[in-house]
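Coordinates as given in input_32.cif (mmCIF, C-alpha atoms):
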```
data_coords
loop_
_atom_site.label_atom_id
_atom_site.label_comp_id
_atom_site.auth_asym_id
_atom_site.auth_seq_id
_atom_site.Cartn_x
_atom_site.Cartn_y
_atom_site.Cartn_z
CA MET E 1 5.10 -4.29 22.14
CA ARG E 2 6.05 -5.34 18.63
CA HIS E 3 9.36 -3.54 18.34
CA ILE E 4 11.05 -1.01 20.62
CA ALA E 5 14.62 0.13 20.15
CA HIS E 6 16.73 3.07 21.24
CA TRP E 7 18.65 5.66 19.28
CA VAL E 8 20.23 8.77 20.76
CA ALA E 9 21.37 11.59 18.49
CA GLY E 10 23.05 13.57 21.23
CA LEU E 11 22.58 15.18 24.58
CA ALA E 12 19.46 17.20 25.24
CA LEU E 13 18.85 20.21 27.44
CA VAL E 14 15.99 22.69 27.54
CA VAL E 15 15.35 25.76 29.62
CA LEU E 16 12.12 27.57 30.32
CA GLY E 17 11.66 30.88 28.59
CA CYS E 18 10.71 32.41 25.24
CA ALA E 19 11.20 30.63 21.96
CA GLY E 20 14.07 31.48 19.66
CA GLU E 21 13.55 33.64 16.59
CA ASP E 22 13.79 30.68 14.24
CA ASP E 23 10.68 29.07 15.78
CA ALA E 24 8.09 28.65 13.02
CA SER E 25 5.46 26.86 15.08
CA GLU E 26 2.45 28.36 16.73
CA PRO E 27 2.57 28.39 20.55
CA GLU E 28 -1.02 27.23 20.89
CA VAL E 29 -0.63 25.01 23.95
CA GLY E 30 1.90 24.39 26.67
CA THR E 31 5.12 25.80 28.05
CA ARG E 32 7.54 27.34 25.61
CA VAL E 33 11.18 26.35 25.89
CA ASP E 34 14.34 27.63 24.25
CA GLU E 35 16.49 25.32 22.18
CA VAL E 36 19.87 24.34 23.53
CA THR E 37 20.35 20.96 21.83
CA ALA E 38 17.65 18.81 20.31
CA SER E 39 17.64 15.15 21.32
CA ALA E 40 16.85 14.19 17.71
CA THR E 41 16.10 15.92 14.42
CA LEU E 42 14.04 14.37 11.61
CA LEU E 43 13.07 15.39 8.09
CA VAL E 44 9.49 14.30 7.37
CA SER E 45 7.86 14.03 3.95
CA ALA E 46 5.96 11.69 1.61
CA ASP E 47 4.89 11.15 -2.01
CA PHE E 48 8.29 11.68 -3.54
CA ALA E 49 9.41 12.30 -7.09
CA ALA E 50 12.99 11.19 -7.75
CA THR E 51 13.89 14.43 -9.53
CA SER E 52 12.08 16.74 -7.15
CA LYS E 53 13.55 19.59 -5.16
CA THR E 54 13.08 17.65 -1.93
CA LYS E 55 15.92 15.32 -2.92
CA THR E 56 18.29 18.29 -2.93
CA ILE E 57 16.98 19.50 0.43
CA VAL E 58 17.26 16.13 2.12
CA GLU E 59 20.64 15.17 0.74
CA ALA E 60 22.14 18.54 1.68
CA GLU E 61 20.92 18.30 5.27
CA LEU E 62 21.92 14.66 5.66
CA MET E 63 25.42 15.35 4.44
CA GLN E 64 25.95 18.35 6.70
CA ASN E 65 24.50 16.69 9.82
CA PRO E 66 25.18 12.97 10.38
CA ALA E 67 22.61 12.86 13.21
CA ILE E 68 19.59 13.85 11.09
CA GLN E 69 17.23 11.03 10.10
CA LEU E 70 14.26 10.67 7.74
CA LEU E 71 10.64 9.77 8.30
CA ALA E 72 9.39 8.79 4.83
CA VAL E 73 5.59 8.62 5.07
CA GLY E 74 4.92 6.35 2.10
CA ASP E 75 4.93 6.41 -1.70
CA MET E 76 8.68 6.75 -1.93
CA SER E 77 8.58 6.20 -5.68
CA TYR E 78 6.01 5.88 -8.45
CA THR E 79 7.76 3.97 -11.23
CA ALA E 80 9.58 0.66 -11.52
CA PRO E 81 12.27 -0.31 -10.80
CA TYR E 82 11.95 1.32 -7.38
CA ALA E 83 15.67 1.11 -6.70
CA ASP E 84 16.32 3.57 -9.51
CA ASN E 85 13.66 6.03 -8.42
CA ASP E 86 13.85 6.11 -4.64
CA PRO E 87 15.25 9.64 -4.19
CA TRP E 88 17.35 8.70 -1.18
CA ALA E 89 18.21 5.03 -1.65
CA ALA E 90 21.68 5.67 -0.23
CA TRP E 91 20.17 6.84 3.06
CA ALA E 92 18.14 3.71 3.86
CA SER E 93 19.90 3.15 7.19
CA ARG E 94 18.81 6.62 8.33
CA THR E 95 15.18 6.24 7.25
CA TYR E 96 12.07 5.26 9.19
CA PRO E 97 9.98 3.72 6.39
CA VAL E 98 6.18 3.90 6.15
CA MET E 99 4.28 1.78 3.64
CA GLY E 100 2.15 3.63 1.09
CA ASN E 101 -0.20 2.31 -1.56
CA HIS E 102 2.51 2.56 -4.23
CA GLU E 103 4.72 0.22 -2.25
CA PHE E 104 2.14 -2.43 -3.14
CA ASN E 105 1.66 -1.74 -6.83
CA SER E 106 5.08 -0.53 -7.92
CA VAL E 107 5.96 -3.32 -10.31
CA ALA E 108 3.47 -3.67 -13.18
CA GLY E 109 0.58 -3.20 -10.79
CA LYS E 110 1.57 -6.19 -8.64
CA GLY E 111 2.93 -6.64 -5.16
CA GLY E 112 6.33 -8.21 -4.66
CA GLN E 113 9.40 -7.92 -2.48
CA GLN E 114 10.62 -4.40 -3.10
CA PRO E 115 14.32 -3.71 -3.74
CA PHE E 116 14.35 -1.01 -1.10
CA GLN E 117 17.03 -1.95 1.41
CA MET E 118 15.03 -0.23 4.13
CA PHE E 119 12.34 -2.89 3.88
CA ASN E 120 14.90 -5.68 4.16
CA GLY E 121 16.31 -4.73 7.54
CA ASN E 122 18.43 -1.69 6.69
CA ASN E 123 16.60 1.19 8.35
CA ALA E 124 16.73 3.62 11.25
CA ALA E 125 14.35 1.51 13.36
CA ALA E 126 17.22 -0.64 14.62
CA ASN E 127 17.28 -2.49 11.29
CA HIS E 128 13.78 -3.77 11.81
CA THR E 129 13.02 -6.56 9.32
CA PHE E 130 9.67 -6.51 7.52
CA PRO E 131 7.97 -9.54 5.94
CA ALA E 132 7.99 -9.87 2.17
CA ILE E 133 5.13 -8.55 0.08
CA THR E 134 4.16 -11.71 -1.73
CA SER E 135 0.64 -11.37 -3.10
CA SER E 136 -1.10 -9.05 -5.51
CA VAL E 137 -2.39 -5.64 -4.49
CA GLY E 138 -5.31 -6.14 -2.13
CA GLY E 139 -4.01 -9.43 -0.75
CA VAL E 140 -5.31 -10.36 2.68
CA ASP E 141 -3.62 -9.60 5.97
CA THR E 142 -0.12 -10.79 5.17
CA PHE E 143 1.59 -7.43 5.27
CA ASP E 144 2.90 -6.64 8.75
CA PHE E 145 4.54 -3.27 8.29
CA THR E 146 3.59 -1.76 11.64
CA TYR E 147 6.22 -1.04 14.25
CA ALA E 148 7.00 1.11 17.28
CA HIS E 149 10.43 2.59 17.92
CA GLU E 150 11.84 4.90 20.56
CA VAL E 151 13.58 7.46 18.37
CA THR E 152 15.23 9.13 21.34
CA PRO E 153 14.58 8.75 25.08
CA GLY E 154 11.12 10.13 25.80
CA TRP E 155 9.88 10.01 22.18
CA LEU E 156 8.06 7.06 20.63
CA LEU E 157 7.32 6.69 16.90
CA VAL E 158 4.41 4.39 15.99
CA VAL E 159 4.07 3.50 12.30
CA VAL E 160 0.89 1.95 10.94
CA ASN E 161 0.22 0.46 7.52
CA THR E 162 -2.75 1.99 5.72
CA GLY E 163 -1.46 0.38 2.52
CA VAL E 164 -4.40 0.29 0.15
CA ASN E 165 -6.98 1.73 2.54
CA CYS E 166 -6.07 -0.80 5.28
CA ARG E 167 -6.89 -3.82 3.14
CA GLN E 168 -3.55 -5.42 4.04
CA GLN E 169 -3.92 -4.94 7.80
CA ALA E 170 -7.34 -4.03 9.18
CA CYS E 171 -7.44 -0.49 10.54
CA THR E 172 -9.40 -1.56 13.61
CA THR E 173 -6.82 -4.21 14.49
CA GLN E 174 -3.98 -1.77 14.04
CA ALA E 175 -5.81 0.88 16.05
CA THR E 176 -5.98 -1.49 19.02
CA GLN E 177 -2.30 -2.31 18.57
CA LEU E 178 -1.38 1.38 18.30
CA ALA E 179 -3.15 2.22 21.56
CA SER E 180 -1.56 -0.77 23.31
CA GLN E 181 1.94 0.17 22.14
CA ILE E 182 1.58 3.73 23.40
CA SER E 183 0.06 2.63 26.70
CA ALA E 184 2.72 -0.01 27.37
CA TRP E 185 5.57 2.31 26.46
CA ARG E 186 4.31 5.12 28.69
CA ALA E 187 3.71 2.65 31.52
CA SER E 188 7.37 1.64 31.26
CA ARG E 189 8.27 5.31 31.73
CA GLY E 190 6.11 5.99 34.75
CA GLY E 191 3.16 7.27 32.69
CA HIS E 192 5.14 9.83 30.72
CA GLY E 193 6.35 10.21 27.14
CA CYS E 194 5.80 12.06 23.86
CA VAL E 195 4.40 10.17 20.85
CA MET E 196 4.24 10.67 17.09
CA VAL E 197 2.25 8.51 14.68
CA ALA E 198 2.88 8.11 10.95
CA MET E 199 0.40 6.74 8.40
CA HIS E 200 0.25 7.21 4.65
CA THR E 201 -3.47 7.65 3.98
CA ALA E 202 -4.84 11.03 5.08
CA ARG E 203 -7.67 11.28 7.60
CA TRP E 204 -8.35 15.03 7.25
CA SER E 205 -7.47 17.44 4.45
CA THR E 206 -8.73 20.57 2.75
CA MET E 207 -7.00 19.55 -0.49
CA PHE E 208 -7.99 15.98 -1.34
CA SER E 209 -7.65 15.44 -5.08
CA GLY E 210 -10.37 14.15 -7.37
CA ASP E 211 -8.82 10.65 -7.41
CA ALA E 212 -11.13 7.80 -6.44
CA ASP E 213 -8.58 6.61 -3.85
CA ASN E 214 -8.19 9.97 -2.14
CA LEU E 215 -11.11 11.45 -0.19
CA PRO E 216 -13.04 8.12 -0.16
CA TRP E 217 -10.20 6.49 1.77
CA ALA E 218 -10.29 9.02 4.61
CA THR E 219 -13.08 7.38 6.60
CA GLY E 220 -11.36 3.99 6.35
CA VAL E 221 -8.42 5.15 8.48
CA ALA E 222 -10.66 6.84 11.09
CA PRO E 223 -9.95 4.12 13.70
CA LEU E 224 -6.22 4.86 13.52
CA TRP E 225 -6.76 8.59 13.93
CA SER E 226 -9.17 8.01 16.81
CA ALA E 227 -6.73 5.70 18.58
CA ALA E 228 -3.91 8.21 18.21
CA VAL E 229 -5.99 11.06 19.61
CA THR E 230 -7.51 9.00 22.42
CA SER E 231 -4.01 7.85 23.39
CA LYS E 232 -2.91 11.50 23.56
CA ALA E 233 -0.39 11.21 20.73
CA ASP E 234 1.27 14.56 20.11
CA LEU E 235 1.92 14.47 16.38
CA VAL E 236 0.31 12.65 13.44
CA PHE E 237 1.95 12.72 10.02
CA GLN E 238 -0.07 11.70 6.96
CA GLY E 239 0.66 11.63 3.23
CA HIS E 240 -1.17 10.52 0.07
CA VAL E 241 -2.50 14.05 -0.54
CA HIS E 242 0.30 15.69 -2.54
CA VAL E 243 0.43 18.94 -0.59
CA TYR E 244 1.62 20.39 2.70
CA GLU E 245 -0.87 21.25 5.43
CA GLU E 246 -0.40 22.18 9.08
CA PHE E 247 -3.47 21.92 11.30
CA LYS E 248 -4.24 22.96 14.82
CA LYS E 249 -4.34 20.29 17.52
CA LEU E 250 -7.43 18.27 16.61
CA GLY E 251 -9.75 15.92 18.44
CA VAL E 252 -11.32 12.72 17.13
CA ASP E 253 -13.97 14.72 15.26
CA GLY E 254 -11.51 17.02 13.52
CA GLN E 255 -12.33 19.97 15.76
CA THR E 256 -9.82 21.98 17.79
CA SER E 257 -8.84 20.24 21.02
CA ALA E 258 -6.26 21.32 23.60
CA THR E 259 -5.36 17.67 24.20
CA GLY E 260 -5.67 16.57 20.57
CA ALA E 261 -3.00 15.57 18.08
CA LYS E 262 -1.10 18.07 15.97
CA LEU E 263 -1.74 16.99 12.35
CA PHE E 264 0.49 17.50 9.31
CA THR E 265 -0.11 16.49 5.71
CA VAL E 266 3.42 15.92 4.42
CA GLY E 267 2.70 14.84 0.84
CA ALA E 268 4.81 17.65 -0.66
CA GLY E 269 7.72 15.37 -1.57
CA GLY E 270 7.52 16.19 -5.26
CA ARG E 271 4.64 14.34 -6.84
CA GLY E 272 2.18 16.67 -8.59
CA GLN E 273 -1.29 17.35 -7.22
CA VAL E 274 -4.41 16.23 -9.06
CA LYS E 275 -7.39 18.61 -9.14
CA PRO E 276 -10.25 19.40 -8.52
CA LEU E 277 -9.90 19.69 -4.77
CA SER E 278 -12.23 18.42 -2.06
CA SER E 279 -12.29 18.90 1.72
CA ASN E 280 -13.58 17.06 4.77
CA ILE E 281 -12.47 19.56 7.42
CA ALA E 282 -13.08 23.26 8.02
CA ALA E 283 -10.43 25.57 6.59
CA SER E 284 -10.46 27.37 9.95
CA GLN E 285 -8.50 24.40 11.37
CA LEU E 286 -5.59 25.14 9.03
CA LEU E 287 -2.56 27.11 10.13
CA ASP E 288 -0.59 26.72 6.92
CA ALA E 289 -1.24 25.14 3.51
CA ARG E 290 0.95 24.82 0.42
CA ALA E 291 -0.54 23.31 -2.72
CA ALA E 292 1.62 21.79 -5.45
CA PRO E 293 3.94 22.75 -7.08
CA VAL E 294 5.36 23.84 -3.69
CA HIS E 295 7.57 20.97 -2.51
CA GLY E 296 9.32 20.62 0.82
CA VAL E 297 9.84 18.74 4.06
CA VAL E 298 8.98 19.22 7.71
CA LYS E 299 12.06 19.67 9.86
CA LEU E 300 11.13 18.29 13.27
CA ALA E 301 13.24 18.71 16.40
CA LEU E 302 12.51 16.59 19.47
CA TYR E 303 13.24 17.76 23.01
CA PRO E 304 12.44 16.30 26.43
CA GLY E 305 8.70 16.92 26.77
CA ALA E 306 8.43 19.29 23.79
CA TYR E 307 9.04 19.72 20.06
CA GLY E 308 9.70 22.34 17.40
CA TYR E 309 9.13 22.29 13.65
CA ARG E 310 9.03 24.22 10.40
CA PHE E 311 8.24 23.55 6.74
CA GLU E 312 11.34 23.89 4.58
CA THR E 313 11.51 24.46 0.84
CA ALA E 314 15.31 24.80 0.96
CA ALA E 315 18.01 23.17 3.07
CA THR E 316 19.00 24.87 6.32
CA ALA E 317 21.60 24.17 8.96
CA SER E 318 19.53 25.44 11.90
CA THR E 319 17.28 23.39 14.16
CA PRO E 320 13.76 24.50 15.10
CA ALA E 321 13.54 25.61 18.72
CA ALA E 322 11.21 23.75 21.05
CA SER E 323 7.90 25.60 21.30
CA VAL E 324 5.06 23.14 21.95
CA ALA E 325 4.82 21.01 25.07
CA CYS E 326 3.76 17.37 24.77
CA ASN E 327 0.37 16.13 25.96
CA VAL E 328 2.00 13.72 28.41
CA PRO E 329 5.54 15.07 28.91
#
```
Take the structure in this file and express it as C-alpha cells.
Amino acid sequence: MRHIAHWVAGLALVVLGCAGEDDASEPEVGTRVDEVTASATLLVSADFAATSKTKTIVEAELMQNPAIQLLAVGDMSYTAPYADNDPWAAWASRTYPVMGNHEFNSVAGKGGQQPFQMFNGNNAAANHTFPAITSSVGGVDTFDFTYAHEVTPGWLLVVVNTGVNCRQQACTTQATQLASQISAWRASRGGHGCVMVAMHTARWSTMFSGDADNLPWATGVAPLWSAAVTSKADLVFQGHVHVYEEFKKLGVDGQTSATGAKLFTVGAGGRGQVKPLSSNIAASQLLDARAAPVHGVVKLALYPGAYGYRFETAATASTPAASVACNVP
C-alpha cells in the first residue's frame, strides 16, 4: 500500500436504535445507530472561491472544534498566486488534499510546484509528501498524487488523481491501485472496514455544465468509479461540477444497488455554475440537488461500521448521527 497512517479524533461508541433528530441522511440500507461520539468528523467540498460563503462555514467549524478536518476535493483556487486565494491556507495541516485540474494550470496556464503547503508535506494525511508538478498541463505520468490513509480506525480514505481527465496518471492504472489498496487494508483488518474514495472529476451528474471539459470527461474516470464500486467502497466524493448532489447507492452502471457506493457531488465550494446543463444519469437516482448559487459543505461523521452526513449552508456545532451501515463493516 502506498501510504497508510493513523489519526484518531477521539473515542467512538455507537448503540443500536433509532437515529437522532439531526440525522439528515436517508436510511436506505443497513442498521441505524444513534450517535454517542463520532470517531472522526470531516467537512467535504470542492471547487472553491476564496470569497465564498463556504470559507466562513469551514473556518467557524474548524475554530470551534479542533478535531474537525477537511477533505478538499480539488480546484482549491482558480487564480494565481494560489497562496493568496486558497480559502483555508492556514488549515493545511488539517486538510486531506485532492488534485483537481486547476492545480495543474493555476499559474499562467502552466504546471509548476504549487505554493500550497499541503502539497509539500503539511497535510492531514500524516504529512504525506507529494512530488513536484514540473511539466506543462498534460505532461505524462509524472504526477503521483494518489494516496491511501486511515482517517480513523476502521475508515480508509483513498484519493485518486483525475487531474486533467487522468492524463497525468492513467485511470486504469489508478483503478487497479485503488482496488489493491482497499483489498490489502481490509485483509489487514480481518476482511472488515469502511472506505471512502475522493476524486475531482465527476463520473455521474444531472448538472454537468456546457464546458468542453465537463460531461466529456465523465467516461474517462469510469475505471475509477468501477473499481470503487466493485471493491464495495461506501462513499465516493466527486467535484468539478459546481453544484451539490446526493445520490442513492449506485452500482457500476449508475443504477441503484444495495451494495453500491453512496455518491456525492461536492462542487458547491463557491465557484459559479456554467449553463446549459447536461445529464448522464436518471434524475430518479437523486435524493438532493442544489444548483449554484447555493454553496455549502458536506459534514461527514464516521462511526465504527457506519456514517452520518448532512449538507450545510451555515456552520453548526452538532455532529450528524450515524444512520447508514457500511458495506463491509
Just the number, please: distance in Å from CA of Thr319 (chain E) to CA of Leu42 (chain E), one decimal.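 If I compute the distance from CA of Thr319 (chain E) to CA of Leu42 (chain E), I get 9.9 Å.
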Considering only C-alpha atoms, can you say which of E:His240, E:Arg167, E:Lys55, E:Arg186 comes closest to Gly74 (chain E)? E:His240
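With CA of His102 (chain E) on one side and CA of Val241 (chain E) on the other, the separation reads 13.1 Å.
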Going by the chain IDs and residue numbers used in this file, which residues fall under the PyMOL selection byres ((chain E and resi 290) around 7)? Write them as a PyMOL selection string. chain E and resi 243-245+288-289+291-292+294
Return as a tab-separated table (two decimals) with C-alpha atoms, keeping the file's coordinate frame the set of residues that the PyMOL selection byres ((chain E and resi 199) around 7) yields on the displayed structure.
```
chain	number	residue	atom	x	y	z
E	73	VAL	CA	5.59	8.62	5.07
E	98	VAL	CA	6.18	3.90	6.15
E	159	VAL	CA	4.07	3.50	12.30
E	160	VAL	CA	0.89	1.95	10.94
E	161	ASN	CA	0.22	0.46	7.52
E	162	THR	CA	-2.75	1.99	5.72
E	197	VAL	CA	2.25	8.51	14.68
E	198	ALA	CA	2.88	8.11	10.95
E	200	HIS	CA	0.25	7.21	4.65
E	201	THR	CA	-3.47	7.65	3.98
E	237	PHE	CA	1.95	12.72	10.02
E	238	GLN	CA	-0.07	11.70	6.96
```
Pick out the closest residue to Ala60 (chain E) from this set: E:Asp211, E:Thr265, E:Ala315, E:Ala322. Count all atoms listed in the file.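 Counting all atoms listed in the file, the residue closest to Ala60 (chain E) is E:Ala315.
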Given the file above and the PyMOL selection byres ((chain E and resi 174) around 9), which residues are selected, and can you give them as a PyMOL selection string? chain E and resi 146+160-161+169-173+175-179+223-224
Coordinates-based distance that separates CA of Ser52 (chain E) from CA of Gly270 (chain E) (Å, one decimal):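 It comes out at 5.0 Å.
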Pick the closest to Gly239 (chain E) from E:Ser205, E:Ser278, E:Gln255, E:Asn122: which is it, counting all atoms listed in the file?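 Ranked by minimum distance to Gly239 (chain E), first place goes to E:Ser205.
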Go through E:Val158, E:Ala268, E:Leu62, E:Ala222 and flag the residue nearest Met76 (chain E), using only C-alpha atoms for the distances.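 Using only C-alpha atoms, Met76 (chain E) sits closest to E:Ala268.
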Using all atoms listed in the file: which of E:Thr313, E:Thr259, E:Thr206, E:Ser39 has the shortest distance to Asn280 (chain E): E:Thr206
When distances are computed from only C-alpha atoms, which of E:Ala126, E:Ile281, E:Met207, E:Ala38 shows the smallest separation from Lys248 (chain E)? E:Ile281
Within 8 Å of Pro329 (chain E), counting all atoms listed in the file, which residues qualify if same-chain residues fewer than 4 places away don't, as number ranges by chain? E: 192-194, 304-306, 325
Give the centre and edge lengths of an axis-aligned box, in Å to one decimal, that holds all listed atoms of region 115-126 of chain E with 6 Å on each side, as JSON.
```
{"center_x": 15.4, "center_y": -1.0, "center_z": 5.4, "size_x": 18.1, "size_y": 21.3, "size_z": 30.4}
```
For region 151-163 of chain E, supply N, CA and C atoms and format the output as a tab-separated table (two decimals), in the coordinates of the input.
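New file result_6.tsv:
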```tsv
chain	number	residue	atom	x	y	z
E	151	VAL	N	12.62	6.72	19.19
E	151	VAL	CA	13.58	7.46	18.37
E	151	VAL	C	14.68	8.06	19.22
E	152	THR	N	14.30	8.57	20.37
E	152	THR	CA	15.23	9.13	21.34
E	152	THR	C	14.54	9.01	22.68
E	153	PRO	N	15.25	8.93	23.80
E	153	PRO	CA	14.58	8.75	25.08
E	153	PRO	C	13.46	9.78	25.29
E	154	GLY	N	12.26	9.27	25.57
E	154	GLY	CA	11.12	10.13	25.80
E	154	GLY	C	10.25	10.37	24.58
E	155	TRP	N	10.65	9.82	23.41
E	155	TRP	CA	9.88	10.01	22.18
E	155	TRP	C	9.68	8.68	21.47
E	156	LEU	N	8.41	8.29	21.31
E	156	LEU	CA	8.06	7.06	20.63
E	156	LEU	C	7.46	7.36	19.26
E	157	LEU	N	7.92	6.65	18.23
E	157	LEU	CA	7.32	6.69	16.90
E	157	LEU	C	6.52	5.41	16.71
E	158	VAL	N	5.24	5.55	16.33
E	158	VAL	CA	4.41	4.39	15.99
E	158	VAL	C	4.02	4.52	14.53
E	159	VAL	N	4.38	3.52	13.73
E	159	VAL	CA	4.07	3.50	12.30
E	159	VAL	C	2.99	2.47	12.03
E	160	VAL	N	1.95	2.88	11.31
E	160	VAL	CA	0.89	1.95	10.94
E	160	VAL	C	0.83	1.84	9.42
E	161	ASN	N	0.24	0.76	8.94
E	161	ASN	CA	0.22	0.46	7.52
E	161	ASN	C	-1.19	0.65	6.96
E	162	THR	N	-1.45	1.80	6.37
E	162	THR	CA	-2.75	1.99	5.72
E	162	THR	C	-2.76	1.33	4.36
E	163	GLY	N	-1.57	1.10	3.77
E	163	GLY	CA	-1.46	0.38	2.52
E	163	GLY	C	-2.47	0.85	1.50
```
